[in-house]
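Single-structure report; data block below.
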Amino acid sequence: MKPYYEILRDLREDLDLKQNYIASMLNTTQQMYSKYESGQTELPLRHLIILCKFYNVSADYVLGLKSEKQKLN
């Protein structure tokens, strides 16, 4: 299984989005979001929730606990 930070990067890149866009959505800086995607800094739970809703995937998928993208209801 991939680590969550690689999954975050893949989700963002699949939609051709820039780190700046996601960072602004999370009300953080591009530099901080870059640290989330590189695994240097742990992703806060509040950001995980926002990203799951944005990408319409389960937290289990983002955290690497399930390999299938389960859509949220």
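Ordering of the structure tokens sets the chain letters (A, B, ...); residue numbers start at 1 within each chain; ligands are numbered from 1 in the order shown.
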Inset, instruction - Tell me, as a PyMOL selection string, which residues lie within 7 Å of stretch 6-22 of chain A, counting only C-alpha atoms; anything in the same chain fewer than 2 positions away does not count. - result: chain A and resi 2-4+24-26+30+33-34+37+62
Inset, instruction - Find the residues near A:Ser67: any atom within 10 Å, counting only C-alpha atoms, skip ones fewer than 6 places away on the same chain, and give them as a list in words. - result: Met1, Lys2, Asp60 and Tyr61 of chain A
Inset, instruction - Skip A:Glu42 itself and residues of its chain fewer than 2 positions away, then list as a list in words all residues within 12 Å of it, counting only C-alpha atoms. - result: Pro3, Tyr4, Tyr5, Met32, Tyr33, Ser34, Lys35, Tyr36, Glu37, Ser38, Gly39, Gln40, Pro44, Leu45, Arg46, His47, Leu48 and Leu63 of chain A
Inset, instruction - Report as a PyMOL selection string: the residues of chain A with a DSSP assignment of helix (DSSP H, G or I), based on the backbone of this structure. - result: chain A and resi 4-14+19-25+30-38+45-55+59-62
